[in-house]
file coords_5.txt (compact mmCIF, C-alpha atoms)
# COMPACT_ATOMS: atom_id res chain seq x y z
CA MET A 1215 0.00 0.00 0.00
CA ILE A 1216 1.28 3.45 -0.98
CA ILE A 1217 0.48 6.35 1.37
CA GLU A 1218 0.39 9.84 -0.15
CA PRO A 1219 1.28 12.52 2.42
CA ARG A 1220 -0.93 15.47 3.27
CA LEU A 1221 0.43 19.00 3.73
CA VAL A 1222 0.27 20.47 7.25
CA LYS A 1223 1.45 23.88 8.51
CA LEU A 1224 4.51 23.49 10.74
CA SER A 1225 3.56 26.44 12.95
CA THR A 1226 1.75 29.75 12.88
CA ARG A 1227 5.10 31.59 12.84
CA THR A 1228 6.17 30.42 9.38
CA GLY A 1229 4.53 29.56 6.09
CA VAL A 1230 6.44 26.28 5.95
CA GLU A 1231 4.43 23.11 5.37
CA VAL A 1232 5.42 19.56 6.29
CA LYS A 1233 4.41 16.37 4.52
CA ARG A 1234 2.61 14.06 6.98
CA SER A 1235 2.38 10.35 6.12
CA ILE A 1236 0.92 8.95 9.33
CA PRO A 1237 -1.46 9.03 11.05
CA HIS A 1238 -3.51 8.43 7.90
CA ALA A 1239 -7.07 7.26 7.32
CA LYS A 1240 -5.68 3.98 5.96
CA LEU A 1241 -2.77 3.58 8.34
CA LYS A 1242 -2.62 4.67 11.99
CA THR A 1243 0.63 3.12 13.19
CA ILE A 1244 3.64 1.13 11.96
CA GLY A 1245 4.69 -0.86 14.97
CA ALA A 1246 4.79 1.75 17.74
CA TRP A 1247 5.62 4.51 15.22
CA CYS A 1248 2.51 6.72 15.22
CA PHE A 1249 3.60 9.94 13.46
CA ILE A 1250 5.84 10.67 10.46
CA ASP A 1251 6.49 14.21 9.21
CA HIS A 1252 8.87 15.00 6.35
CA PHE A 1253 10.17 18.59 6.53
CA GLY A 1254 11.88 20.39 3.63
CA PRO A 1255 14.31 20.70 2.10
CA THR A 1256 13.79 24.41 2.67
CA GLU A 1257 16.07 27.41 3.12
CA GLN A 1258 17.24 28.03 6.67
CA THR A 1259 15.80 31.56 6.57
CA ASP A 1260 12.37 29.93 6.34
CA GLY A 1261 13.24 27.06 8.63
CA MET A 1262 12.08 25.49 11.84
CA VAL A 1263 10.74 27.85 14.52
CA VAL A 1264 8.57 25.81 16.89
CA ALA A 1265 7.95 27.53 20.22
CA LYS A 1266 7.53 25.85 23.59
CA HIS A 1267 4.89 23.08 23.45
CA PRO A 1268 4.03 19.95 25.48
CA HIS A 1269 3.95 16.19 24.96
CA ILE A 1270 2.69 13.18 26.90
CA GLY A 1271 2.69 9.43 26.25
CA LEU A 1272 5.20 9.33 23.41
CA GLN A 1273 8.81 9.60 22.27
CA THR A 1274 9.89 12.17 19.70
CA VAL A 1275 12.64 11.03 17.32
CA THR A 1276 14.31 13.86 15.38
CA TRP A 1277 16.42 12.92 12.36
CA LEU A 1278 18.19 15.57 10.27
CA ILE A 1279 19.18 15.03 6.64
CA GLU A 1280 20.49 18.57 6.14
CA GLY A 1281 20.83 21.58 8.44
CA LYS A 1282 21.28 22.26 12.14
CA VAL A 1283 18.60 22.52 14.85
CA GLU A 1284 18.71 23.46 18.53
CA HIS A 1285 16.53 21.47 20.95
CA ARG A 1286 15.61 22.86 24.39
CA ASP A 1287 13.35 21.25 26.97
CA SER A 1288 12.02 21.51 30.50
CA LEU A 1289 14.58 19.00 31.77
CA GLY A 1290 17.22 21.64 31.09
CA SER A 1291 18.51 19.99 27.92
CA VAL A 1292 20.10 22.27 25.32
CA GLN A 1293 21.29 20.19 22.38
CA GLU A 1294 22.36 21.07 18.85
CA ILE A 1295 21.62 18.29 16.38
CA LEU A 1296 23.35 17.71 13.03
CA PRO A 1297 22.79 15.21 10.19
CA GLY A 1298 23.76 11.69 11.19
CA GLN A 1299 22.84 12.31 14.83
CA VAL A 1300 19.60 11.51 16.64
CA ASN A 1301 17.59 13.17 19.40
CA ILE A 1302 15.11 10.97 21.28
CA MET A 1303 12.90 12.67 23.84
CA THR A 1304 10.69 10.49 26.04
CA ALA A 1305 7.72 12.58 27.16
CA GLY A 1306 6.29 10.06 29.62
CA LYS A 1307 3.96 11.86 32.05
CA GLY A 1308 4.78 15.28 30.58
CA ILE A 1309 7.50 17.47 29.10
CA SER A 1310 7.76 20.68 27.08
CA HIS A 1311 10.34 21.60 24.44
CA SER A 1312 11.12 23.91 21.53
CA GLU A 1313 13.01 23.54 18.25
CA LEU A 1314 14.87 26.27 16.38
CA SER A 1315 16.87 25.89 13.17
CA GLN A 1316 20.33 27.46 13.31
CA ILE A 1317 22.08 29.79 10.88
CA GLY A 1318 24.78 28.10 8.82
CA PRO A 1319 23.72 25.33 6.42
CA GLU A 1320 21.89 26.47 3.30
CA ASN A 1321 19.03 24.00 3.63
CA LEU A 1322 17.01 22.32 6.34
CA HIS A 1323 15.74 18.82 5.63
CA ALA A 1324 14.44 16.56 8.40
CA VAL A 1325 12.11 13.80 9.48
CA GLN A 1326 10.20 14.09 12.75
CA LEU A 1327 8.80 10.83 14.11
CA TRP A 1328 6.79 9.87 17.18
CA VAL A 1329 6.73 6.52 18.96
CA ALA A 1330 3.69 5.66 21.11
CA LEU A 1331 4.61 4.47 24.60
CA PRO A 1332 2.92 1.27 25.79
CA GLN A 1333 0.44 2.14 28.54
CA GLN A 1334 2.64 0.64 31.28
CA PHE A 1335 5.32 3.25 30.45
CA SER A 1336 3.12 6.23 29.58
CA GLY A 1337 3.46 7.80 33.03
CA ILE A 1338 7.23 7.48 33.46
CA GLN A 1339 9.53 10.40 34.18
CA PRO A 1340 10.59 12.28 31.04
CA LEU A 1341 14.01 11.64 29.50
CA PHE A 1342 16.18 13.19 26.78
CA GLU A 1343 18.97 11.42 24.87
CA HIS A 1344 21.30 12.44 22.04
CA ARG A 1345 23.69 10.20 20.14
CA ALA A 1346 26.22 11.25 17.50
CA ASP A 1347 28.12 7.94 17.06
CA LEU A 1348 25.41 5.81 15.46
CA PRO A 1349 26.22 2.53 13.68
CA VAL A 1350 26.66 2.93 9.92
CA LEU A 1351 26.50 -0.20 7.75
CA GLN A 1352 27.90 -0.50 4.23
CA LEU A 1353 25.45 -2.56 2.21
CA ASP A 1354 25.33 -3.57 -1.44
CA GLY A 1355 24.77 -0.22 -3.16
CA ALA A 1356 23.66 1.65 -0.05
CA LYS A 1357 24.70 2.94 3.34
CA ALA A 1358 22.39 2.30 6.31
CA THR A 1359 22.46 4.33 9.54
CA VAL A 1360 20.63 2.80 12.50
CA PHE A 1361 19.03 5.63 14.50
CA ALA A 1362 16.50 3.67 16.57
CA GLY A 1363 16.25 0.11 17.82
CA ASP A 1364 18.21 -2.78 16.36
CA PHE A 1365 19.06 -3.93 12.83
CA GLY A 1366 20.83 -7.26 12.71
CA ASP A 1367 23.75 -7.06 15.13
CA SER A 1368 23.75 -3.24 15.17
CA SER A 1369 21.95 -1.13 17.77
CA ALA A 1370 21.34 2.60 18.16
CA LYS A 1371 21.65 2.02 21.93
CA MET A 1372 18.91 4.52 22.77
CA THR A 1373 16.11 3.90 25.28
CA ILE A 1374 13.04 2.37 23.63
CA PHE A 1375 9.98 0.65 25.08
CA SER A 1376 8.87 -1.72 22.30
CA GLU A 1377 10.56 -3.75 19.58
CA LEU A 1378 11.21 -1.39 16.64
CA VAL A 1379 13.78 -0.14 14.17
CA GLY A 1380 14.59 3.13 12.38
CA LEU A 1381 17.09 3.35 9.49
CA GLU A 1382 18.26 5.97 7.03
CA LEU A 1383 19.09 4.33 3.69
CA ASP A 1384 21.41 6.29 1.40
CA PHE A 1385 21.37 4.68 -2.08
CA GLU A 1386 24.08 4.94 -4.71
CA ASP A 1387 23.46 5.44 -8.41
CA ASN A 1388 21.96 2.24 -9.94
CA ALA A 1389 21.78 0.47 -6.58
CA ARG A 1390 20.43 -3.07 -6.29
CA LEU A 1391 19.87 -3.98 -2.68
CA SER A 1392 18.27 -6.91 -0.90
CA LEU A 1393 17.47 -5.78 2.63
CA PRO A 1394 16.60 -8.43 5.25
CA LEU A 1395 13.43 -7.84 7.28
CA ARG A 1396 12.01 -9.37 10.42
CA PRO A 1397 8.85 -11.30 9.40
CA ASP A 1398 7.18 -10.38 12.72
CA PHE A 1399 7.62 -6.64 11.98
CA GLU A 1400 5.50 -4.36 9.82
CA TYR A 1401 7.42 -1.61 8.00
CA GLY A 1402 7.10 1.71 6.26
CA LEU A 1403 9.60 2.97 3.66
CA LEU A 1404 9.46 6.75 3.11
CA MET A 1405 11.32 8.16 0.11
CA VAL A 1406 12.75 11.50 1.24
CA ASP A 1407 14.92 12.10 -1.84
CA GLY A 1408 14.51 10.48 -5.25
CA SER A 1409 12.53 7.35 -6.04
CA ALA A 1410 12.99 3.58 -6.07
CA GLN A 1411 11.50 0.27 -7.16
CA VAL A 1412 10.69 -1.69 -4.01
CA ASN A 1413 9.61 -5.33 -4.41
CA GLY A 1414 8.57 -4.42 -7.94
CA GLN A 1415 6.54 -1.37 -6.90
CA HIS A 1416 7.49 2.21 -7.80
CA VAL A 1417 7.79 4.52 -4.77
CA ALA A 1418 8.07 8.20 -5.69
CA GLU A 1419 9.62 10.97 -3.61
CA ASN A 1420 7.51 11.77 -0.50
CA GLU A 1421 5.52 8.54 -0.80
CA LEU A 1422 5.47 5.92 1.96
CA LEU A 1423 5.25 2.22 1.12
CA TYR A 1424 3.62 0.12 3.84
CA ILE A 1425 4.89 -3.47 4.17
CA GLU A 1426 2.70 -5.90 6.12
CA VAL A 1427 3.89 -8.49 8.62
CA GLY A 1428 5.30 -11.61 6.96
CA GLU A 1429 7.83 -10.15 4.52
CA SER A 1430 11.43 -11.32 4.96
CA GLU A 1431 13.22 -8.96 2.57
CA LEU A 1432 12.96 -5.80 0.51
CA ASN A 1433 14.42 -5.79 -2.99
CA ILE A 1434 15.24 -2.18 -3.82
CA THR A 1435 16.62 -0.73 -7.06
CA THR A 1436 17.41 2.87 -7.92
CA THR A 1437 18.52 4.54 -11.15
CA THR A 1438 19.85 7.71 -9.48
CA PRO A 1439 21.14 8.46 -5.96
CA ALA A 1440 18.24 8.38 -3.48
CA LYS A 1441 17.51 8.44 0.22
CA ALA A 1442 14.81 6.71 2.28
CA ILE A 1443 13.73 6.30 5.89
CA LEU A 1444 12.71 2.80 6.96
CA VAL A 1445 10.73 2.35 10.18
CA GLY A 1446 9.29 -0.87 11.50
CA GLY A 1447 8.20 -2.76 14.56
CA VAL A 1448 6.02 -5.42 16.07
CA PRO A 1449 2.39 -4.32 15.49
CA PHE A 1450 1.31 -2.09 18.37
CA GLY A 1451 -1.30 -4.10 20.24
CA GLU A 1452 -2.82 -1.23 22.24
CA LYS A 1453 -5.44 1.30 21.22
CA ILE A 1454 -4.43 4.94 21.64
CA VAL A 1455 -5.97 8.39 21.44
CA MET A 1456 -3.86 10.89 19.49
CA TRP A 1457 -4.76 14.57 19.63
CA TRP A 1458 -2.52 17.60 19.04
CA ASN A 1459 0.80 16.78 20.78
CA PHE A 1460 -0.59 14.12 23.09
CA VAL A 1461 -0.83 10.33 23.00
CA ALA A 1462 -2.97 8.66 25.67
CA SER A 1463 -5.36 5.77 26.29
CA SER A 1464 -8.48 7.91 26.85
CA GLN A 1465 -10.03 11.29 26.13
CA LYS A 1466 -10.04 11.99 29.86
CA GLU A 1467 -6.22 11.93 29.90
CA ILE A 1468 -6.09 14.18 26.83
CA THR A 1469 -8.53 16.69 28.34
CA GLU A 1470 -6.61 16.81 31.62
CA ALA A 1471 -3.28 17.35 29.84
CA ARG A 1472 -4.76 20.12 27.67
CA GLU A 1473 -6.22 21.97 30.67
CA GLN A 1474 -2.98 21.65 32.64
CA TRP A 1475 -0.83 22.89 29.77
CA ASN A 1476 -3.03 25.94 29.14
CA ALA A 1477 -2.99 26.69 32.87
CA ARG A 1478 0.84 26.49 32.74
CA ASP A 1479 0.79 23.67 35.29
CA ALA A 1480 4.10 22.48 36.74
CA ARG A 1481 3.50 19.06 35.13
CA PHE A 1482 5.22 20.22 31.94
CA GLY A 1483 8.02 22.25 33.52
CA ASP A 1484 9.42 25.42 32.01
CA PHE A 1485 12.56 26.82 30.37
CA GLU A 1486 13.88 29.83 28.48
CA ASP A 1487 14.77 29.91 24.78
CA GLN A 1488 15.48 32.31 21.93
CA ILE A 1489 12.00 31.97 20.45
CA GLY A 1490 10.03 33.19 23.43
CA GLY A 1491 6.41 32.49 24.29
CA TRP A 1492 4.55 29.19 24.18
CA ILE A 1493 1.93 27.51 21.99
CA PRO A 1494 -1.49 27.17 23.69
CA ALA A 1495 -3.42 23.96 23.11
CA PRO A 1496 -6.35 24.44 20.70
CA GLU A 1497 -9.97 23.73 21.52
CA LEU A 1498 -10.93 20.07 21.67
CA PRO A 1499 -13.22 18.87 18.87
CA HIS A 1500 -16.94 18.60 19.69
CA VAL A 1501 -16.86 14.82 19.32
CA ASN A 1502 -15.68 12.03 21.55
CA LEU A 1503 -12.10 11.04 20.85
CA GLN A 1504 -12.13 7.27 20.43
CA PRO A 1505 -9.13 5.00 20.99
CA ARG A 1506 -8.01 3.40 17.76
call {"tool": "encode", "arguments": {"input": "coords_5.txt", "output": "structure tokens"}}
result
Amino acid sequence: MIIEPRLVKLSTRTGVEVKRSIPHAKLKTIGAWCFIDHFGPTEQTDGMVVAKHPHIGLQTVTWLIEGKVEHRDSLGSVQEILPGQVNIMTAGKGISHSELSQIGPENLHAVQLWVALPQQFSGIQPLFEHRADLPVLQLDGAKATVFAGDFGDSSAKMTIFSELVGLELDFEDNARLSLPLRPDFEYGLLMVDGSAQVNGQHVAENELLYIEVGESELNITTTTPAKAILVGGVPFGEKIVMWWNFVASSQKEITEAREQWNARDARFGDFEDQIGGWIPAPELPHVNLQPR
């Protein structure tokens, strides 16, 4: 199944749009991965300016392809991230953070992903991790960087709470690659630059190919250099409610988090940054939010 992304405004401060693949009407999660945004490439002058905002019940995984971004959060973390490095922020019971692209590189190009926390871990203390020395594998016609979970004998060595994997695949010109998969995983392959033939199916730039449980390999060919993000995991067995920046098991939890954030409750902490201000939570929809 091919998923076409929809365009979503990054923030009210810029006119920049991101391409959102999931959640989608046809596909809610891939393993525990519950959110995939593809940002750019865009000029740094029109880059990422996301003011202070909250999260609960999830992990944010920030992966840069080009550019430089500063992360700040209510734990006191101040971390610059560059291509080939990963930021993983575990929101748990509540955290707030901001993201600001930095002057320097000409372009900003990134993927922002969320991982839903299993309910038993949704109320844990928040955590922030950064890793610059990720494993890089030289494959037949491609380079693979493991930024989350495990791939074969290689591990990103970051804290995760379900079986999953995240890879950047950097394809050479006229690559022909057979990539082993775990048959108990489902996968999504997002083309972030260029296109490819994947198991005989054409996947264009910005499209996401969903691969169901049971496949043991991906046969990928390219005619020009290309880049893709592969995420996968054991199907997420729990139903979740996703609304705004929150992941929870019920509308009650979402409503409580929204009210606390807008009241500037200590649950989400506080910090100073160069952007200033904070993003209030919008009004809840006039329908019951159902777990899915």
call {"tool": "residues_around", "arguments": {"input": "coords_5.txt", "residues": "Arg1481 in chain A", "least_positions_apart": "2", "cutoff": "7 Å", "atoms": "only C-alpha atoms", "output": "list in words"}}
result
Gly1308, Asp1479 and Gly1483 of chain A
call {"tool": "residues_around", "arguments": {"input": "coords_5.txt", "residues": "Leu1383 in chain A", "least_positions_apart": "6", "cutoff": "6 Å", "atoms": "all atoms listed in the file", "output": "ChimeraX atom specification"}}
result
/A:1357-1358,1441-1442
call {"tool": "write_last_selection", "arguments": {"input": "coords_5.txt", "atoms": "C-alpha atoms", "output": "PDB file, in the coordinates of the input"}}
result
ATOM      1  CA  LYS A1357      24.700   2.940   3.340  1.00  0.00           C
ATOM      2  CA  ALA A1358      22.390   2.300   6.310  1.00  0.00           C
ATOM      3  CA  LYS A1441      17.510   8.440   0.220  1.00  0.00           C
ATOM      4  CA  ALA A1442      14.810   6.710   2.280  1.00  0.00           C
TER       5      ALA A1442
END
call {"tool": "atom_distance", "arguments": {"input": "coords_5.txt", "atom1": "CA of Phe1460 in chain A", "atom2": "CA of Gln1334 in chain A"}}
result
16.1 Å
call {"tool": "closest_residue", "arguments": {"input": "coords_5.txt", "among": "A:Asn1420, A:Thr1276, A:Ser1392, A:Thr1469", "to": "Asn1433 in chain A", "atoms": "all atoms listed in the file"}}
result
A:Ser1392
call {"tool": "residues_around", "arguments": {"input": "coords_5.txt", "residues": "Arg1234 in chain A", "least_positions_apart": "5", "cutoff": "6 Å", "atoms": "only C-alpha atoms", "output": "PyMOL selection string"}}
result
chain A and resi 1219-1220+1250-1251
call {"tool": "residues_around", "arguments": {"input": "coords_5.txt", "residues": "Pro1237 in chain A", "least_positions_apart": "3", "cutoff": "7 Å", "atoms": "only C-alpha atoms", "output": "number ranges by chain"}}
result
A: 1241-1243, 1248-1249
call {"tool": "residues_around", "arguments": {"input": "coords_5.txt", "residues": "Gly1261 in chain A", "least_positions_apart": "6", "cutoff": "8 Å", "atoms": "all atoms listed in the file", "output": "PDB file with C-alpha atoms, in the coordinates of the input"}}
result
ATOM      1  CA  THR A1228       6.170  30.420   9.380  1.00  0.00           C
ATOM      2  CA  VAL A1230       6.440  26.280   5.950  1.00  0.00           C
ATOM      3  CA  LEU A1314      14.870  26.270  16.380  1.00  0.00           C
ATOM      4  CA  SER A1315      16.870  25.890  13.170  1.00  0.00           C
ATOM      5  CA  LEU A1322      17.010  22.320   6.340  1.00  0.00           C
TER       6      LEU A1322
END
call {"tool": "atom_distance", "arguments": {"input": "coords_5.txt", "atom1": "CA of Val1300 in chain A", "atom2": "CA of Ala1239 in chain A"}}
result
28.6 Å
call {"tool": "closest_residue", "arguments": {"input": "coords_5.txt", "among": "A:Ala1265, A:Ala1389, A:Val1232, A:Val1501", "to": "Gly1355 in chain A", "atoms": "all atoms listed in the file"}}
result
A:Ala1389
call {"tool": "atom_distance", "arguments": {"input": "coords_5.txt", "atom1": "CA of Ile1217 in chain A", "atom2": "CA of Tyr1401 in chain A"}}
result
12.5 Å
call {"tool": "residues_near_point", "arguments": {"input": "coords_5.txt", "point": "(13.9, -4.4, 17.5)", "cutoff": "8 Å", "atoms": "only C-alpha atoms", "output": "count of residues only"}}
result
8
call {"tool": "closest_residue", "arguments": {"input": "coords_5.txt", "among": "A:Pro1297, A:Gly1380, A:Pro1439, A:Gly1306", "to": "Asp1347 in chain A", "atoms": "only C-alpha atoms"}}
result
A:Pro1297
call {"tool": "closest_residue", "arguments": {"input": "coords_5.txt", "among": "A:His1416, A:Thr1437, A:Phe1361, A:Asn1459", "to": "Ile1493 in chain A", "atoms": "all atoms listed in the file"}}
result
A:Asn1459
call {"tool": "closest_residue", "arguments": {"input": "coords_5.txt", "among": "A:Glu1497, A:Asp1484, A:Glu1429, A:Asp1387", "to": "Arg1472 in chain A", "atoms": "only C-alpha atoms"}}
result
A:Glu1497
call {"tool": "residues_near_point", "arguments": {"input": "coords_5.txt", "point": "(-3.2, 15.5, 31.1)", "cutoff": "12 Å", "atoms": "only C-alpha atoms", "output": "ChimeraX atom specification"}}
result
/A:1268-1271,1305-1309,1336-1337,1457,1459-1482,1495
call {"tool": "closest_residue", "arguments": {"input": "coords_5.txt", "among": "A:Val1329, A:Leu1403, A:Ala1418, A:Leu1393", "to": "Gly1245 in chain A", "atoms": "all atoms listed in the file"}}
result
A:Val1329
